[in-house]
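J.: Below is the file my_file28.cif, with mmCIF, C-alpha atoms.
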```cif
data_final
#
loop_
_atom_site.group_PDB
_atom_site.id
_atom_site.type_symbol
_atom_site.label_atom_id
_atom_site.label_comp_id
_atom_site.auth_asym_id
_atom_site.auth_seq_id
_atom_site.Cartn_x
_atom_site.Cartn_y
_atom_site.Cartn_z
ATOM 1 C CA MET A 1 36.107 -39.029 64.694
ATOM 2 C CA TRP A 2 35.806 -40.854 61.363
ATOM 3 C CA ARG A 3 38.422 -43.401 62.453
ATOM 4 C CA HIS A 4 36.695 -44.217 65.764
ATOM 5 C CA ALA A 5 33.257 -44.409 64.140
ATOM 6 C CA ALA A 6 34.605 -46.661 61.389
ATOM 7 C CA ALA A 7 36.162 -48.963 63.987
ATOM 8 C CA ARG A 8 32.821 -49.366 65.762
ATOM 9 C CA ARG A 9 30.973 -49.996 62.498
ATOM 10 C CA SER A 10 33.645 -52.470 61.399
ATOM 11 C CA ALA A 11 33.170 -54.515 64.570
ATOM 12 C CA GLN A 12 29.397 -54.585 63.978
ATOM 13 C CA ILE A 13 29.647 -55.674 60.350
ATOM 14 C CA ARG A 14 32.281 -58.320 61.047
ATOM 15 C CA ARG A 15 29.820 -60.055 63.348
ATOM 16 C CA LEU A 16 27.291 -60.074 60.504
ATOM 17 C CA LEU A 17 29.609 -61.178 57.724
ATOM 18 C CA SER A 18 30.826 -64.680 57.025
ATOM 19 C CA THR A 19 34.077 -66.306 58.072
ATOM 20 C CA SER A 20 35.827 -64.233 55.426
ATOM 21 C CA ALA A 21 36.334 -61.592 58.113
ATOM 22 C CA PRO A 22 39.826 -61.217 59.589
ATOM 23 C CA SER A 23 40.804 -62.947 62.794
ATOM 24 C CA ALA A 24 39.356 -61.361 65.897
ATOM 25 C CA GLY A 25 41.858 -59.618 68.084
ATOM 26 C CA ALA A 26 42.022 -59.484 71.854
ATOM 27 C CA GLY A 27 38.728 -58.376 73.324
ATOM 28 C CA SER A 28 36.856 -58.782 70.026
ATOM 29 C CA ALA A 29 33.631 -60.739 69.825
ATOM 30 C CA VAL A 30 34.175 -64.327 68.710
ATOM 31 C CA ARG A 31 32.393 -64.919 65.447
ATOM 32 C CA GLY A 32 30.291 -68.012 64.902
ATOM 33 C CA PRO A 33 30.611 -70.533 62.066
ATOM 34 C CA CYS A 34 29.057 -69.775 58.694
ATOM 35 C CA ILE A 35 26.874 -72.627 57.422
ATOM 36 C CA VAL A 36 27.201 -72.981 53.642
ATOM 37 C CA HIS A 37 24.906 -75.154 51.556
ATOM 38 C CA LYS A 38 26.941 -74.778 48.390
ATOM 39 C CA ARG A 39 30.062 -76.430 47.016
ATOM 40 C CA GLY A 40 32.675 -75.897 44.347
ATOM 41 C CA THR A 41 32.185 -73.218 41.745
ATOM 42 C CA ASP A 42 28.779 -72.295 43.202
ATOM 43 C CA ILE A 43 30.634 -70.846 46.191
ATOM 44 C CA LEU A 44 33.183 -69.036 44.053
ATOM 45 C CA HIS A 45 30.392 -67.462 41.990
ATOM 46 C CA ASP A 46 28.495 -66.278 45.060
ATOM 47 C CA PRO A 47 29.978 -62.955 46.247
ATOM 48 C CA TRP A 48 28.532 -63.440 49.717
ATOM 49 C CA TYR A 49 30.460 -66.671 50.389
ATOM 50 C CA ASN A 50 33.410 -66.254 48.059
ATOM 51 C CA LYS A 51 36.697 -65.464 49.798
ATOM 52 C CA ASP A 52 38.864 -65.686 46.653
ATOM 53 C CA THR A 53 42.261 -67.134 47.604
ATOM 54 C CA ALA A 54 41.648 -66.702 51.360
ATOM 55 C CA PHE A 55 40.094 -70.172 51.661
ATOM 56 C CA PRO A 56 42.486 -72.279 53.784
ATOM 57 C CA LEU A 57 43.311 -75.775 52.513
ATOM 58 C CA THR A 58 40.992 -77.429 55.047
ATOM 59 C CA GLU A 59 38.028 -75.405 53.737
ATOM 60 C CA ARG A 60 39.046 -76.063 50.143
ATOM 61 C CA ASP A 61 38.846 -79.785 50.822
ATOM 62 C CA ARG A 62 35.530 -79.612 52.691
ATOM 63 C CA LEU A 63 33.905 -77.336 50.105
ATOM 64 C CA GLY A 64 35.262 -78.986 46.969
ATOM 65 C CA LEU A 65 37.501 -76.066 46.059
ATOM 66 C CA ARG A 66 40.923 -77.693 45.866
ATOM 67 C CA GLY A 67 42.264 -77.176 42.361
ATOM 68 C CA LEU A 68 39.705 -74.476 41.550
ATOM 69 C CA LEU A 69 41.882 -71.740 43.057
ATOM 70 C CA PRO A 70 45.569 -70.834 42.779
ATOM 71 C CA PRO A 71 47.473 -72.853 45.413
ATOM 72 C CA ARG A 72 48.716 -69.891 47.422
ATOM 73 C CA VAL A 73 46.499 -68.988 50.355
ATOM 74 C CA MET A 74 46.262 -65.255 51.009
ATOM 75 C CA SER A 75 44.901 -63.896 54.256
ATOM 76 C CA PHE A 76 41.976 -61.501 54.341
ATOM 77 C CA GLU A 77 44.328 -58.700 55.392
ATOM 78 C CA GLN A 78 46.644 -59.442 52.454
ATOM 79 C CA GLN A 79 43.682 -59.249 50.082
ATOM 80 C CA TYR A 80 42.642 -55.993 51.697
ATOM 81 C CA GLU A 81 46.078 -54.460 51.215
ATOM 82 C CA ARG A 82 46.264 -55.730 47.645
ATOM 83 C CA PHE A 83 42.974 -54.041 46.775
ATOM 84 C CA ILE A 84 43.955 -50.751 48.415
ATOM 85 C CA ASN A 85 47.239 -50.810 46.525
ATOM 86 C CA SER A 86 45.384 -51.451 43.265
ATOM 87 C CA TYR A 87 43.068 -48.540 44.009
ATOM 88 C CA HIS A 88 45.989 -46.207 44.678
ATOM 89 C CA SER A 89 47.666 -47.403 41.458
ATOM 90 C CA LEU A 90 44.484 -46.533 39.584
ATOM 91 C CA GLU A 91 44.536 -43.045 41.086
ATOM 92 C CA HIS A 92 48.151 -42.613 39.975
ATOM 93 C CA ASN A 93 47.564 -43.976 36.461
ATOM 94 C CA THR A 94 44.529 -41.747 35.819
ATOM 95 C CA GLN A 95 46.156 -38.469 36.812
ATOM 96 C CA GLY A 96 45.389 -35.815 34.215
ATOM 97 C CA GLU A 97 42.278 -37.633 32.946
ATOM 98 C CA PRO A 98 38.868 -35.894 33.012
ATOM 99 C CA ASP A 99 37.091 -36.131 36.341
ATOM 100 C CA SER A 100 34.276 -38.196 34.824
ATOM 101 C CA VAL A 101 36.741 -40.791 33.521
ATOM 102 C CA VAL A 102 38.515 -41.030 36.889
ATOM 103 C CA SER A 103 35.265 -41.299 38.841
ATOM 104 C CA LEU A 104 33.880 -44.074 36.638
ATOM 105 C CA ALA A 105 37.192 -45.945 36.805
ATOM 106 C CA LYS A 106 37.097 -45.807 40.605
ATOM 107 C CA TRP A 107 33.460 -46.954 40.623
ATOM 108 C CA ARG A 108 34.290 -49.859 38.327
ATOM 109 C CA ILE A 109 37.093 -51.219 40.514
ATOM 110 C CA LEU A 110 34.837 -51.063 43.580
ATOM 111 C CA ASN A 111 31.920 -52.618 41.686
ATOM 112 C CA ARG A 112 34.083 -55.502 40.487
ATOM 113 C CA LEU A 113 35.016 -56.205 44.096
ATOM 114 C CA HIS A 114 31.333 -55.980 45.098
ATOM 115 C CA ASP A 115 30.430 -58.534 42.429
ATOM 116 C CA ARG A 116 33.181 -60.917 43.524
ATOM 117 C CA ASN A 117 33.661 -60.688 47.302
ATOM 118 C CA GLU A 118 31.082 -58.800 49.369
ATOM 119 C CA THR A 119 32.846 -59.347 52.683
ATOM 120 C CA LEU A 120 36.009 -57.660 51.441
ATOM 121 C CA TYR A 121 33.955 -54.986 49.672
ATOM 122 C CA TYR A 122 32.127 -53.897 52.808
ATOM 123 C CA ARG A 123 35.288 -54.027 54.896
ATOM 124 C CA VAL A 124 36.936 -51.678 52.402
ATOM 125 C CA LEU A 125 33.946 -49.318 52.571
ATOM 126 C CA ILE A 126 33.748 -49.378 56.358
ATOM 127 C CA ASP A 127 37.412 -48.568 56.836
ATOM 128 C CA ASN A 128 37.472 -45.904 54.103
ATOM 129 C CA ILE A 129 33.917 -44.550 54.086
ATOM 130 C CA LYS A 130 34.999 -40.912 53.922
ATOM 131 C CA ASP A 131 36.991 -41.560 50.724
ATOM 132 C CA PHE A 132 34.671 -44.049 49.046
ATOM 133 C CA ALA A 133 31.223 -42.623 49.849
ATOM 134 C CA PRO A 134 31.556 -39.995 47.041
ATOM 135 C CA ILE A 135 32.377 -42.859 44.642
ATOM 136 C CA ILE A 136 29.567 -45.274 45.493
ATOM 137 C CA TYR A 137 27.020 -42.485 45.967
ATOM 138 C CA THR A 138 26.879 -38.756 45.221
ATOM 139 C CA PRO A 139 28.311 -37.209 43.189
ATOM 140 C CA THR A 140 29.505 -40.222 41.153
ATOM 141 C CA VAL A 141 26.234 -42.166 41.280
ATOM 142 C CA GLY A 142 24.544 -39.724 38.877
ATOM 143 C CA LEU A 143 27.248 -40.353 36.291
ATOM 144 C CA VAL A 144 26.940 -44.091 36.927
ATOM 145 C CA CYS A 145 23.173 -44.013 36.344
ATOM 146 C CA GLU A 146 23.616 -42.142 33.072
ATOM 147 C CA ASN A 147 26.012 -44.845 31.860
ATOM 148 C CA TYR A 148 24.552 -47.845 33.657
ATOM 149 C CA SER A 149 23.585 -49.762 30.522
ATOM 150 C CA GLY A 150 27.254 -49.889 29.556
ATOM 151 C CA LEU A 151 28.458 -50.582 33.107
ATOM 152 C CA PHE A 152 25.996 -53.424 33.825
ATOM 153 C CA ARG A 153 27.764 -56.714 34.548
ATOM 154 C CA ARG A 154 25.360 -58.730 36.715
ATOM 155 C CA PRO A 155 21.800 -58.245 37.993
ATOM 156 C CA ARG A 156 21.446 -56.516 41.346
ATOM 157 C CA GLY A 157 18.121 -55.490 42.820
ATOM 158 C CA MET A 158 14.540 -56.062 41.668
ATOM 159 C CA TYR A 159 12.702 -54.494 38.732
ATOM 160 C CA PHE A 160 8.950 -53.959 38.573
ATOM 161 C CA SER A 161 7.219 -52.625 35.463
ATOM 162 C CA ALA A 162 3.657 -52.004 34.329
ATOM 163 C CA LYS A 163 3.802 -55.436 32.690
ATOM 164 C CA ASP A 164 4.100 -56.974 36.161
ATOM 165 C CA LYS A 165 0.738 -55.621 37.362
ATOM 166 C CA GLY A 166 -0.879 -58.175 39.639
ATOM 167 C CA GLU A 167 2.336 -60.181 39.987
ATOM 168 C CA MET A 168 4.236 -58.152 42.567
ATOM 169 C CA MET A 169 3.291 -60.371 45.505
ATOM 170 C CA SER A 170 4.674 -63.492 43.836
ATOM 171 C CA MET A 171 7.717 -61.619 42.499
ATOM 172 C CA ILE A 172 8.729 -60.538 45.988
ATOM 173 C CA TYR A 173 9.484 -64.148 46.876
ATOM 174 C CA ASN A 174 12.085 -64.296 44.113
ATOM 175 C CA TRP A 175 14.344 -62.134 46.287
ATOM 176 C CA PRO A 176 16.888 -64.481 47.949
ATOM 177 C CA ALA A 177 16.796 -62.933 51.444
ATOM 178 C CA GLU A 178 14.317 -64.469 53.881
ATOM 179 C CA LYS A 179 14.009 -61.214 55.844
ATOM 180 C CA VAL A 180 14.411 -57.620 54.667
ATOM 181 C CA ASP A 181 14.980 -54.780 57.124
ATOM 182 C CA MET A 182 15.381 -51.923 54.645
ATOM 183 C CA ILE A 183 14.201 -51.173 51.110
ATOM 184 C CA VAL A 184 15.246 -48.255 48.915
ATOM 185 C CA VAL A 185 12.928 -47.637 45.951
ATOM 186 C CA THR A 186 13.285 -45.466 42.861
ATOM 187 C CA ASP A 187 11.051 -44.994 39.836
ATOM 188 C CA GLY A 188 14.045 -43.745 37.855
ATOM 189 C CA SER A 189 12.637 -40.260 37.341
ATOM 190 C CA ARG A 190 14.367 -36.992 38.213
ATOM 191 C CA ILE A 191 17.569 -38.784 39.240
ATOM 192 C CA LEU A 192 19.680 -36.028 40.814
ATOM 193 C CA GLY A 193 18.092 -33.553 38.395
ATOM 194 C CA LEU A 194 19.237 -35.620 35.397
ATOM 195 C CA GLY A 195 15.735 -36.499 34.211
ATOM 196 C CA ASP A 196 13.999 -39.845 33.733
ATOM 197 C CA LEU A 197 16.681 -42.541 33.494
ATOM 198 C CA GLY A 198 14.335 -45.517 33.650
ATOM 199 C CA VAL A 199 15.815 -48.793 34.870
ATOM 200 C CA GLN A 200 19.244 -47.178 34.946
ATOM 201 C CA GLY A 201 18.103 -45.417 38.102
ATOM 202 C CA ILE A 202 18.759 -48.662 40.019
ATOM 203 C CA GLY A 203 22.198 -47.230 40.751
ATOM 204 C CA ILE A 204 20.600 -44.908 43.337
ATOM 205 C CA PRO A 205 19.201 -47.658 45.625
ATOM 206 C CA ILE A 206 22.387 -49.706 45.278
ATOM 207 C CA GLY A 207 24.655 -46.816 46.215
ATOM 208 C CA LYS A 208 22.435 -45.536 49.017
ATOM 209 C CA LEU A 209 22.078 -48.944 50.688
ATOM 210 C CA ASP A 210 25.825 -49.557 50.452
ATOM 211 C CA VAL A 211 26.331 -46.310 52.353
ATOM 212 C CA TYR A 212 23.747 -47.404 54.931
ATOM 213 C CA VAL A 213 25.567 -50.709 55.409
ATOM 214 C CA ALA A 214 29.011 -49.167 55.749
ATOM 215 C CA ALA A 215 28.051 -46.065 57.735
ATOM 216 C CA ALA A 216 25.080 -47.222 59.802
ATOM 217 C CA GLY A 217 25.714 -50.912 60.370
ATOM 218 C CA ILE A 218 22.710 -52.246 58.409
ATOM 219 C CA ASN A 219 23.001 -55.979 57.730
ATOM 220 C CA PRO A 220 23.882 -56.249 54.000
ATOM 221 C CA GLN A 221 22.022 -59.571 53.799
ATOM 222 C CA LYS A 222 18.764 -57.839 54.744
ATOM 223 C CA VAL A 223 18.488 -55.017 52.210
ATOM 224 C CA LEU A 224 16.532 -54.765 48.976
ATOM 225 C CA TYR A 225 17.026 -52.501 45.941
ATOM 226 C CA TRP A 226 13.849 -51.703 43.969
ATOM 227 C CA ASN A 227 13.339 -50.089 40.592
ATOM 228 C CA ILE A 228 9.707 -49.456 39.663
ATOM 229 C CA GLN A 229 8.684 -48.413 36.162
ATOM 230 C CA LEU A 230 5.239 -46.828 36.082
ATOM 231 C CA ALA A 231 4.930 -46.997 32.303
ATOM 232 C CA SER A 232 5.287 -50.007 30.052
ATOM 233 C CA ILE A 233 8.781 -50.720 28.801
ATOM 234 C CA ASN A 234 9.032 -50.910 25.038
#
```
What's the structure tokens form of this structure?
T.:
Amino acid sequence: MWRHAAARRSAQIRRLLSTSAPSAGAGSAVRGPCIVHKRGTDILHDPWYNKDTAFPLTERDRLGLRGLLPPRVMSFEQQYERFINSYHSLEHNTQGEPDSVVSLAKWRILNRLHDRNETLYYRVLIDNIKDFAPIIYTPTVGLVCENYSGLFRRPRGMYFSAKDKGEMMSMIYNWPAEKVDMIVVTDGSRILGLGDLGVQGIGIPIGKLDVYVAAAGINPQKVLYWNIQLASIN
């Protein structure tokens, strides 16, 4: 059941994602072109458009990427297999470690992929949702929130505090998506019974929306993570 459901979700997400998706097989929907208004390192630093070494030479020339990547072109499927192999190696190398250490290590490797290549990240989640859901959401997300200040690598989501009173309307337009279909909000309090974790509670909306994308077919370009702080931040 999981395999058939994942296959259906994968087909839905591939139509939403950029040309990073693998080649469509017989009977699959033909994907349209992805219009990119960026060039060079701006593309490589944008996890939505970045395909790592999967950019073919023709795209590297058109997008100003030739010389900015290792010369070998790897297919999307090769990247997929390489990540899965790295994940399994991590599982092997952390045998005997405390569960908290193993869980955070697994979260980190997935988060690094999320920060670098969102198309590959969501494909990995879709195809392995039963294994990865406990890592990106409960029970690991509580541990992640407790340690989020040390795990933080790049901003994700929006943060509203008491200092932003009267500015929320203008702040909303700072979010890069033109249309949002789903918002998950937390005030950081009572996170999984752990108490008030403040801005570190942003891990809850991030994890929950990633599950919604992978398991329910929500467009990942149309989601918004919110963290609202009701008291002033010192």
J.: Write out as a list in words which residues come within 8 Å of A:Ile204 when counting only C-alpha atoms, dropping same-chain ones fewer than 3 positions away.
T.: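 Residues meeting the cut-off are Tyr137, Val141, Gly142, Cys145, Thr186, Ile191, Gly201, Gly207 and Lys208 of chain A.
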J.: Do a neighbour search on A:His37 at 12 Å with all atoms listed in the file, toss out local chain neighbours closer than 2 positions, and write the hits as a PyMOL selection string.
T.: chain A and resi 34-35+39-40+42-43+46+49+62-64
J.: In Å, with one decimal, what is the gap from atom CA of A:Asp127 to atom CA of A:Phe152?
T.: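 Separation between atom CA of A:Asp127 and atom CA of A:Phe152: 26.1 Å.
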J.: Would you give the centre and edge lengths, in Å to one decimal, of a box along x, y and z around the listed atoms of stretch 63-73 of chain A, with 6 Å added to each side, as JSON?
T.:
```
{"center_x": 41.3, "center_y": -74.0, "center_z": 46.0, "size_x": 26.8, "size_y": 22.0, "size_z": 20.8}
```
J.: Kindly extract all protein, DNA and RNA residues lying within 12 Å of the coordinates (25.8, -50.7, 46.8) given in the file, considering only C-alpha atoms, and supply them as a count of residues only.
T.: 39
J.: Which value, in Å to one decimal, gives the distance between atom CA of A:Val102 and atom CA of A:Thr140?
T.: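 Computing the Euclidean distance for atom CA of A:Val102 and atom CA of A:Thr140 yields 10.0 Å.
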